[in-house]
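All remarks here apply to the structure that follows.
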There are 2 protein chains.
Amino acid sequence: MSVSRLFVDADLAEGAEAELDEAQAHYLRHVMRRSEGALLSLFNGRDGEWRATLALRGKKAATALVGQRTRPQTAEPDLWLCFAPVKRARIDYIAEKATELGASVLQPVTTQHTIVERVKVDRLRANAIEAAEQTERLSVPEVREPVDLMSLLGAWPAGRRLLMCDETGGGPPIAEVLGSLDEAARAAPWAIVVGPEGGFAAAELEALRRIKDVTAVGLGPRILRADTAVLAALAVWQALVGDWRRPTPRLAADYRTSREPV
Amino acid sequence: MSVSRLFVDADLAEGAEAELDEAQAHYLRHVMRRSEGALLSLFNGRDGEWRATLALRGKKAATALVGQRTRPQTAEPDLWLCFAPVKRARIDYIAEKATELGASVLQPVTTQHTIVERVKVDRLRANAIEAAEQTERLSVPEVREPVDLMSLLGAWPAGRRLLMCDETGGGPPIAEVLGSLDEAARAAPWAIVVGPEGGFAAAELEALRRIKDVTAVGLGPRILRADTAVLAALAVWQALVGDWRRPTPRLAADYRTSREPV
């Protein structure tokens with residue numbers, strides 16, 4: 001039987017009891033039909049990954065008895081993804097894929113040419129948690145409240161490099177730019193900023209270009225939708241600057257956990 | 001008003017009349033409410049991109065009167081995407097994103113660990129056409145009928161290089177492998193092969209490794225879903241080997257066409 005993998009708030013240590021929330025208890029008891037003692041895999045973004053067993057509490061609740069650690073916590077790249085919100089299915093997809101592709105912060109950014117209903121931050125968080133649970137990630141990206149691009153740029157943190165993808169304008173090839181960075185630039189905190197499908201407004205382009213460590217890049221001759229540009233930029237950044245530069249560990253067979261949605 | 005961009009079968013030349021199919025005529029007449037003379041943009045994968053005007057025929061049909069060419073046809077990379085089918089929403093997404101990311105052939109591949117209902121090739125074709133229309137691509141990838149991986153490998157074309165992404169096994173970093181290719185390797189025809197989420201079977205891995213120009217790569221420490229691995233591998237391949245190595249052209253404002261689905 002596959003092992004359910006869950007993101008929890010609780011501190012994790014051998015012998016600890018980690019509380020499971022209502023949705024997790026419901027999922028394990030009634031969707032997956034797990035019984036007392038069922039094997040779980042837990043992570044909280046701080047303490048690595050742990051084996052645990054299910055303990056039922058009353059008619060509805062459940063908790064997890066933490067056993068041995070299966071993986072130590074590893075540091076992940078400090079990479080913000082700043083993206084203009086898009087329609088519902090596509091924004092869910094961005095949250096899911098950006099989690100798999102290792103963004104550390106998801107920052108929805110409104111721009112002059114952004115056309116979208118209210119961003120449901122809770123929904124994005126739920127998508128990010130589910131993606132982290134199902135793809136062996138040891139952390140969940142922080143999903144921030146939407147912010148106006150001009151405000152974000154106005155308070156831009158010193159030293160955070162900004163990779164700007166604008167599908168309406170030209171730009172040097174992304175691999176040429178990222179492939180020629182020096183080690184200090186690779187080690188810096190980064191942000192990827194992807195414009196809305198209507199492109200950035202002139203004032204926004206100016207504000208972007210005033211950021212000290214901004215690099216504009218192009219993503220080839222075909223025009224990409226905003227969600228595609230986000231994923232493509234994340235993948236190429238990870239391959240050339242991020243943690244895809246290290247050999248991929250071969251997974252032990254018992255790391256293969258449930259891919260069923262929670 | 002935005003210009004509707006359509007993929008057609010007809011040959012395109014100044015003064016020609018290009019037939020529009022029933023769905024296109026319905027879309028233009030009844031969804032977009034276009035009248036006689038409305039501006040269109042047409043491409044067929046062979047003759048470049050052309051301005052045209054709408055001509056209504058009878059109560060339901062329509063045709064396009066071809067005017068001037070707006071872009072010459074350009075050669076695109078010869079890149080097959082061989083992917084194990086996944087569930088409905090995700091396979092639609094693969095067809096859409098692979099089109100944007102410039103695959104020339106979409107080849108569904110069944111493997112020993114593939115779990116999926118019948119592949120709807122017509123549906124994949126429709127998704128690929130819609131993605132090409134909406135993202136300024138000048139061609140539509142060829143969507144092939146599903147084939148068994150062992151048969152595909154048994155008849156592998158001499159000289160076609162194979163980039164193999166297997167999320168269950170280790171592998172050297174993709175940028176290290178693709179970044180160190182010589183010019184002959186870059187100019188060769190390529191295929192990206194992405195395994196099913198259960199991984200390749202032992203016999204399949206052996207058959208893959210018997211291909212002459214096969215290169216296995218890893219896509220970082222987080223496990224990617226099959227659809228994410230497909231998109232990530234395509235983006236990194238385009239950035240390091242394909243046509244993203246050329247500077248991106250700046251789009252003239254009048255190339256911005258309708259993004260409404262047909």
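Every chain in the structure tokens has a letter given in the order shown (A, B, ...), and although residue numbers restart at 1 in each chain, ligands are simply numbered from 1 in the order shown.
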
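Residues in contact with A:Arg123 at 12 Å, where only C-alpha atoms are counted and same-chain residues fewer than 3 positions away are skipped, are listed as Arg88, Ala89, Ile91, Asp92, Tyr93, Ile94, Ala95, Glu96, Arg118, Val119, Lys120, Ala126, Asn127, Ala128, Ile129, Glu130, Val143, Arg144 and Glu145 of chain A.
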
Would you output that residue set with N, CA and C atoms, as a PDB file, in the first residue's frame?
ATOM      1  N   ARG A  88      -8.616  31.257 -13.556  1.00  0.00           N
ATOM      2  CA  ARG A  88      -8.627  30.243 -12.522  1.00  0.00           C
ATOM      3  C   ARG A  88      -7.819  28.966 -12.781  1.00  0.00           C
ATOM      4  N   ALA A  89      -8.095  28.253 -13.856  1.00  0.00           N
ATOM      5  CA  ALA A  89      -7.383  26.984 -14.064  1.00  0.00           C
ATOM      6  C   ALA A  89      -5.898  27.239 -14.242  1.00  0.00           C
ATOM      7  N   ILE A  91      -4.079  29.768 -13.053  1.00  0.00           N
ATOM      8  CA  ILE A  91      -3.375  30.214 -11.848  1.00  0.00           C
ATOM      9  C   ILE A  91      -3.170  29.026 -10.899  1.00  0.00           C
ATOM     10  N   ASP A  92      -4.123  28.096 -10.863  1.00  0.00           N
ATOM     11  CA  ASP A  92      -3.928  26.863 -10.092  1.00  0.00           C
ATOM     12  C   ASP A  92      -2.705  26.121 -10.612  1.00  0.00           C
ATOM     13  N   TYR A  93      -2.630  26.069 -11.913  1.00  0.00           N
ATOM     14  CA  TYR A  93      -1.527  25.378 -12.567  1.00  0.00           C
ATOM     15  C   TYR A  93      -0.184  26.038 -12.239  1.00  0.00           C
ATOM     16  N   ILE A  94      -0.169  27.360 -12.221  1.00  0.00           N
ATOM     17  CA  ILE A  94       1.072  28.058 -11.870  1.00  0.00           C
ATOM     18  C   ILE A  94       1.505  27.680 -10.457  1.00  0.00           C
ATOM     19  N   ALA A  95       0.559  27.673  -9.505  1.00  0.00           N
ATOM     20  CA  ALA A  95       0.908  27.343  -8.117  1.00  0.00           C
ATOM     21  C   ALA A  95       1.458  25.925  -8.031  1.00  0.00           C
ATOM     22  N   GLU A  96       0.811  25.000  -8.726  1.00  0.00           N
ATOM     23  CA  GLU A  96       1.246  23.602  -8.684  1.00  0.00           C
ATOM     24  C   GLU A  96       2.639  23.436  -9.308  1.00  0.00           C
ATOM     25  N   ARG A 118     -10.528  38.622  -8.346  1.00  0.00           N
ATOM     26  CA  ARG A 118      -9.766  38.573  -7.109  1.00  0.00           C
ATOM     27  C   ARG A 118      -8.917  37.299  -7.038  1.00  0.00           C
ATOM     28  N   VAL A 119      -7.687  37.443  -6.563  1.00  0.00           N
ATOM     29  CA  VAL A 119      -6.819  36.272  -6.395  1.00  0.00           C
ATOM     30  C   VAL A 119      -7.196  35.559  -5.104  1.00  0.00           C
ATOM     31  N   LYS A 120      -7.467  34.253  -5.208  1.00  0.00           N
ATOM     32  CA  LYS A 120      -7.804  33.480  -4.015  1.00  0.00           C
ATOM     33  C   LYS A 120      -6.535  32.870  -3.443  1.00  0.00           C
ATOM     34  N   ALA A 126      -3.404  26.021  -0.996  1.00  0.00           N
ATOM     35  CA  ALA A 126      -3.824  24.617  -1.000  1.00  0.00           C
ATOM     36  C   ALA A 126      -3.195  23.876  -2.187  1.00  0.00           C
ATOM     37  N   ASN A 127      -3.150  24.540  -3.338  1.00  0.00           N
ATOM     38  CA  ASN A 127      -2.511  23.918  -4.509  1.00  0.00           C
ATOM     39  C   ASN A 127      -1.028  23.688  -4.289  1.00  0.00           C
ATOM     40  N   ALA A 128      -0.375  24.661  -3.649  1.00  0.00           N
ATOM     41  CA  ALA A 128       1.071  24.528  -3.411  1.00  0.00           C
ATOM     42  C   ALA A 128       1.344  23.397  -2.428  1.00  0.00           C
ATOM     43  N   ILE A 129       0.522  23.281  -1.376  1.00  0.00           N
ATOM     44  CA  ILE A 129       0.711  22.206  -0.390  1.00  0.00           C
ATOM     45  C   ILE A 129       0.512  20.847  -1.061  1.00  0.00           C
ATOM     46  N   GLU A 130      -0.555  20.727  -1.847  1.00  0.00           N
ATOM     47  CA  GLU A 130      -0.824  19.439  -2.501  1.00  0.00           C
ATOM     48  C   GLU A 130       0.321  19.049  -3.440  1.00  0.00           C
ATOM     49  N   VAL A 143       3.038  31.553  -0.095  1.00  0.00           N
ATOM     50  CA  VAL A 143       2.171  32.253  -1.047  1.00  0.00           C
ATOM     51  C   VAL A 143       1.797  33.601  -0.439  1.00  0.00           C
ATOM     52  N   ARG A 144       2.209  34.679  -1.068  1.00  0.00           N
ATOM     53  CA  ARG A 144       1.972  36.023  -0.507  1.00  0.00           C
ATOM     54  C   ARG A 144       0.702  36.645  -1.062  1.00  0.00           C
ATOM     55  N   GLU A 145       0.198  37.631  -0.332  1.00  0.00           N
ATOM     56  CA  GLU A 145      -0.960  38.396  -0.800  1.00  0.00           C
ATOM     57  C   GLU A 145      -0.555  39.173  -2.051  1.00  0.00           C
TER      58      GLU A 145
END

Under the rule of at most 6 Å, produce a per-residue listing of chain B near chain A: chain, number, name, the closest pair of atoms, and the distance in Å, as a Markdown table, using only C-alpha atoms.
| residue | atom | partner | partner_atom | distance |
| --- | --- | --- | --- | --- |
| B:Glu100 | CA | A:Leu224 | CA | 5.9 |
| B:Thr135 | CA | A:Ile223 | CA | 4.9 |
| B:Glu136 | CA | A:Ile223 | CA | 5.9 |
| B:Arg137 | CA | A:Arg222 | CA | 5.5 |
| B:Gly169 | CA | A:Arg250 | CA | 4.8 |
| B:Gly170 | CA | A:Arg250 | CA | 4.3 |
| B:Gly171 | CA | A:Thr248 | CA | 5.6 |
| B:Pro172 | CA | A:Pro247 | CA | 4.9 |
| B:Pro173 | CA | A:Arg245 | CA | 5.3 |
| B:Ala175 | CA | A:Ala239 | CA | 5.5 |
| B:Gly218 | CA | A:Thr248 | CA | 5.3 |
| B:Leu219 | CA | A:Trp244 | CA | 5.9 |
| B:Gly220 | CA | A:Trp244 | CA | 4.0 |
| B:Pro221 | CA | A:Thr248 | CA | 5.4 |
| B:Arg222 | CA | A:Arg137 | CA | 5.5 |
| B:Ile223 | CA | A:Thr135 | CA | 4.9 |
| B:Leu224 | CA | A:Glu100 | CA | 5.9 |
| B:Ala232 | CA | A:Ala235 | CA | 5.2 |
| B:Ala235 | CA | A:Ala232 | CA | 5.2 |
| B:Val236 | CA | A:Val236 | CA | 5.2 |
| B:Ala239 | CA | A:Ala175 | CA | 5.5 |
| B:Trp244 | CA | A:Gly220 | CA | 4.0 |
| B:Arg245 | CA | A:Pro173 | CA | 5.3 |
| B:Pro247 | CA | A:Pro172 | CA | 4.9 |
| B:Thr248 | CA | A:Gly170 | CA | 4.8 |
| B:Pro249 | CA | A:Gly170 | CA | 5.1 |
| B:Arg250 | CA | A:Gly170 | CA | 4.3 |

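We find atom CA of B:Ala52 and atom CA of B:Gln24 to be spaced 14.0 Å apart.
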
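Note that DSSP on the backbone gives strand (DSSP E) to these residues of stretch 81-153 of chain B: Leu81, Cys82, Phe83, Val105, Leu106, Gln107, Pro108, Val109, Thr110, Glu142, Val143, Val147 and Asp148 of chain B.
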
Write the residues you've just listed into a file as a short mmCIF file (atom, residue, chain, number, x, y, z; two decimals), in the first residue's frame, and include C-alpha atoms for each of them.
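This went into part31.cif:
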data_model
loop_
_atom_site.label_atom_id
_atom_site.label_comp_id
_atom_site.auth_asym_id
_atom_site.auth_seq_id
_atom_site.Cartn_x
_atom_site.Cartn_y
_atom_site.Cartn_z
CA LEU B 81 8.25 14.87 -27.84
CA CYS B 82 7.62 11.25 -26.81
CA PHE B 83 5.47 11.14 -23.68
CA VAL B 105 6.02 16.03 -33.30
CA LEU B 106 3.87 14.91 -30.37
CA GLN B 107 4.20 11.14 -30.00
CA PRO B 108 2.13 9.48 -27.25
CA VAL B 109 4.02 6.41 -26.06
CA THR B 110 2.58 3.58 -24.01
CA GLU B 142 2.21 16.72 -35.96
CA VAL B 143 0.25 14.63 -33.45
CA VAL B 147 2.77 3.63 -30.15
CA ASP B 148 4.35 1.19 -27.73
#

_So that I can check the surroundings of B:Phe43, please list as a ChimeraX atom specification every protein, DNA and RNA residue that reaches within 9 Å of it, counting only C-alpha atoms and ignoring chain neighbours fewer than 4 positions away._
/B:5-9,12,47-50,73,133,137-139

Could those residues be written to a file, using N, CA and C atoms, as a PDB file, in the first residue's frame?
ATOM      1  N   ARG B   5      -6.708  34.811 -35.570  1.00  0.00           N
ATOM      2  CA  ARG B   5      -5.606  34.109 -36.231  1.00  0.00           C
ATOM      3  C   ARG B   5      -5.993  32.644 -36.383  1.00  0.00           C
ATOM      4  N   LEU B   6      -5.924  32.130 -37.601  1.00  0.00           N
ATOM      5  CA  LEU B   6      -6.426  30.786 -37.879  1.00  0.00           C
ATOM      6  C   LEU B   6      -5.424  29.946 -38.646  1.00  0.00           C
ATOM      7  N   PHE B   7      -5.385  28.660 -38.293  1.00  0.00           N
ATOM      8  CA  PHE B   7      -4.610  27.664 -39.027  1.00  0.00           C
ATOM      9  C   PHE B   7      -5.509  27.077 -40.100  1.00  0.00           C
ATOM     10  N   VAL B   8      -5.041  27.084 -41.350  1.00  0.00           N
ATOM     11  CA  VAL B   8      -5.846  26.549 -42.448  1.00  0.00           C
ATOM     12  C   VAL B   8      -5.053  25.510 -43.225  1.00  0.00           C
ATOM     13  N   ASP B   9      -5.772  24.683 -43.993  1.00  0.00           N
ATOM     14  CA  ASP B   9      -5.120  23.682 -44.852  1.00  0.00           C
ATOM     15  C   ASP B   9      -4.670  24.288 -46.175  1.00  0.00           C
ATOM     16  N   LEU B  12      -1.480  29.329 -49.296  1.00  0.00           N
ATOM     17  CA  LEU B  12      -1.677  30.756 -49.074  1.00  0.00           C
ATOM     18  C   LEU B  12      -0.800  31.566 -50.027  1.00  0.00           C
ATOM     19  N   ASP B  47       3.538  28.310 -45.749  1.00  0.00           N
ATOM     20  CA  ASP B  47       3.686  29.526 -46.561  1.00  0.00           C
ATOM     21  C   ASP B  47       3.859  30.805 -45.746  1.00  0.00           C
ATOM     22  N   GLY B  48       4.127  30.689 -44.454  1.00  0.00           N
ATOM     23  CA  GLY B  48       4.251  31.891 -43.634  1.00  0.00           C
ATOM     24  C   GLY B  48       2.894  32.356 -43.133  1.00  0.00           C
ATOM     25  N   GLU B  49       2.834  33.631 -42.734  1.00  0.00           N
ATOM     26  CA  GLU B  49       1.611  34.187 -42.149  1.00  0.00           C
ATOM     27  C   GLU B  49       1.079  35.285 -43.059  1.00  0.00           C
ATOM     28  N   TRP B  50      -0.227  35.315 -43.261  1.00  0.00           N
ATOM     29  CA  TRP B  50      -0.836  36.226 -44.219  1.00  0.00           C
ATOM     30  C   TRP B  50      -2.010  36.977 -43.604  1.00  0.00           C
ATOM     31  N   GLN B  73       7.692  31.977 -43.688  1.00  0.00           N
ATOM     32  CA  GLN B  73       7.801  30.730 -42.933  1.00  0.00           C
ATOM     33  C   GLN B  73       9.239  30.596 -42.425  1.00  0.00           C
ATOM     34  N   GLU B 133      -2.458  28.792 -32.895  1.00  0.00           N
ATOM     35  CA  GLU B 133      -3.192  29.989 -33.329  1.00  0.00           C
ATOM     36  C   GLU B 133      -3.026  31.130 -32.335  1.00  0.00           C
ATOM     37  N   ARG B 137       2.654  30.969 -33.303  1.00  0.00           N
ATOM     38  CA  ARG B 137       3.487  29.967 -33.956  1.00  0.00           C
ATOM     39  C   ARG B 137       3.081  29.844 -35.422  1.00  0.00           C
ATOM     40  N   LEU B 138       4.039  29.553 -36.307  1.00  0.00           N
ATOM     41  CA  LEU B 138       3.771  29.481 -37.756  1.00  0.00           C
ATOM     42  C   LEU B 138       3.501  28.063 -38.235  1.00  0.00           C
ATOM     43  N   SER B 139       3.504  27.104 -37.321  1.00  0.00           N
ATOM     44  CA  SER B 139       3.230  25.716 -37.712  1.00  0.00           C
ATOM     45  C   SER B 139       2.479  25.045 -36.573  1.00  0.00           C
TER      46      SER B 139
END

Residues within 10 Å of A:Ala25, only C-alpha atoms, excluding chain neighbours under 2 positions, as an mmCIF file with N, CA and C atoms, in the first residue's frame:
data_model
loop_
_atom_site.group_PDB
_atom_site.id
_atom_site.type_symbol
_atom_site.label_atom_id
_atom_site.label_comp_id
_atom_site.auth_asym_id
_atom_site.auth_seq_id
_atom_site.Cartn_x
_atom_site.Cartn_y
_atom_site.Cartn_z
ATOM 1 N N GLU A 19 -0.179 16.781 15.379
ATOM 2 C CA GLU A 19 -1.613 16.912 15.140
ATOM 3 C C GLU A 19 -1.898 16.949 13.639
ATOM 4 N N LEU A 20 -2.951 16.324 13.200
ATOM 5 C CA LEU A 20 -3.393 16.421 11.810
ATOM 6 C C LEU A 20 -4.648 17.293 11.787
ATOM 7 N N ASP A 21 -4.786 18.109 10.759
ATOM 8 C CA ASP A 21 -5.966 18.976 10.743
ATOM 9 C C ASP A 21 -7.192 18.191 10.273
ATOM 10 N N GLU A 22 -8.326 18.860 10.320
ATOM 11 C CA GLU A 22 -9.600 18.202 10.025
ATOM 12 C C GLU A 22 -9.634 17.582 8.629
ATOM 13 N N ALA A 23 -9.125 18.330 7.648
ATOM 14 C CA ALA A 23 -9.154 17.838 6.266
ATOM 15 C C ALA A 23 -8.245 16.623 6.119
ATOM 16 N N TYR A 27 -9.459 12.912 5.130
ATOM 17 C CA TYR A 27 -8.854 12.263 3.961
ATOM 18 C C TYR A 27 -8.318 10.875 4.323
ATOM 19 N N LEU A 28 -7.597 10.787 5.416
ATOM 20 C CA LEU A 28 -6.980 9.503 5.784
ATOM 21 C C LEU A 28 -8.036 8.488 6.224
ATOM 22 N N ARG A 29 -9.014 8.957 7.034
ATOM 23 C CA ARG A 29 -9.998 8.020 7.587
ATOM 24 C C ARG A 29 -11.024 7.602 6.543
ATOM 25 N N HIS A 30 -11.519 8.583 5.777
ATOM 26 C CA HIS A 30 -12.692 8.295 4.948
ATOM 27 C C HIS A 30 -12.397 8.199 3.459
ATOM 28 N N VAL A 31 -11.398 8.907 2.958
ATOM 29 C CA VAL A 31 -11.083 8.791 1.531
ATOM 30 C C VAL A 31 -10.126 7.624 1.313
ATOM 31 N N ARG A 34 -7.712 4.542 5.846
ATOM 32 C CA ARG A 34 -6.569 4.066 6.618
ATOM 33 C C ARG A 34 -7.011 3.711 8.041
ATOM 34 N N LEU A 54 -0.404 6.435 11.916
ATOM 35 C CA LEU A 54 -1.682 7.088 12.167
ATOM 36 C C LEU A 54 -2.269 6.622 13.500
ATOM 37 N N ALA A 55 -2.761 7.583 14.283
ATOM 38 C CA ALA A 55 -3.495 7.240 15.506
ATOM 39 C C ALA A 55 -4.857 7.916 15.428
ATOM 40 N N LEU A 56 -5.905 7.131 15.467
ATOM 41 C CA LEU A 56 -7.260 7.689 15.375
ATOM 42 C C LEU A 56 -7.651 8.244 16.744
ATOM 43 N N ARG A 57 -8.369 9.346 16.743
ATOM 44 C CA ARG A 57 -8.805 9.978 17.984
ATOM 45 C C ARG A 57 -10.299 10.265 17.863
ATOM 46 N N LYS A 60 -13.709 11.412 14.574
ATOM 47 C CA LYS A 60 -13.334 12.190 13.395
ATOM 48 C C LYS A 60 -11.863 12.587 13.345
ATOM 49 N N ALA A 61 -11.242 12.776 14.499
ATOM 50 C CA ALA A 61 -9.901 13.350 14.524
ATOM 51 C C ALA A 61 -8.832 12.277 14.327
ATOM 52 N N ALA A 62 -7.618 12.740 14.119
ATOM 53 C CA ALA A 62 -6.489 11.818 13.973
ATOM 54 C C ALA A 62 -5.212 12.569 14.294
ATOM 55 N N THR A 63 -4.206 11.835 14.683
ATOM 56 C CA THR A 63 -2.914 12.417 14.969
ATOM 57 C C THR A 63 -1.859 11.464 14.413
ATOM 58 N N ALA A 64 -0.605 11.910 14.386
ATOM 59 C CA ALA A 64 0.457 11.062 13.823
ATOM 60 C C ALA A 64 1.546 10.881 14.860
#

Exercise for review: State, in Å with one decimal place, the distance from atom CA of A:Glu183 to atom CA of A:Arg161.
Suggested key: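 So the two atoms, atom CA of A:Glu183 and atom CA of A:Arg161, lie 13.1 Å apart.
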
Between atom CA of B:Leu163 and atom CA of B:Ala191 - distance in Å to one decimal: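 So the answer is 6.1 Å.
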
Check: So which residues of stretch 148-261 of chain A fall under alpha helix (DSSP H) by DSSP, listed as a PyMOL selection string?
Finding: chain A and resi 149-154+174-179+183-187+202-210+226-240

Would you pick out the contacts of A:Trp156 at 12 Å or less, using only C-alpha atoms, so that residues sharing its chain but fewer than 2 positions from it are not included, and give the list as a PyMOL selection string? chain A and resi 80+149-154+158-162+189-191+207-208+210-214
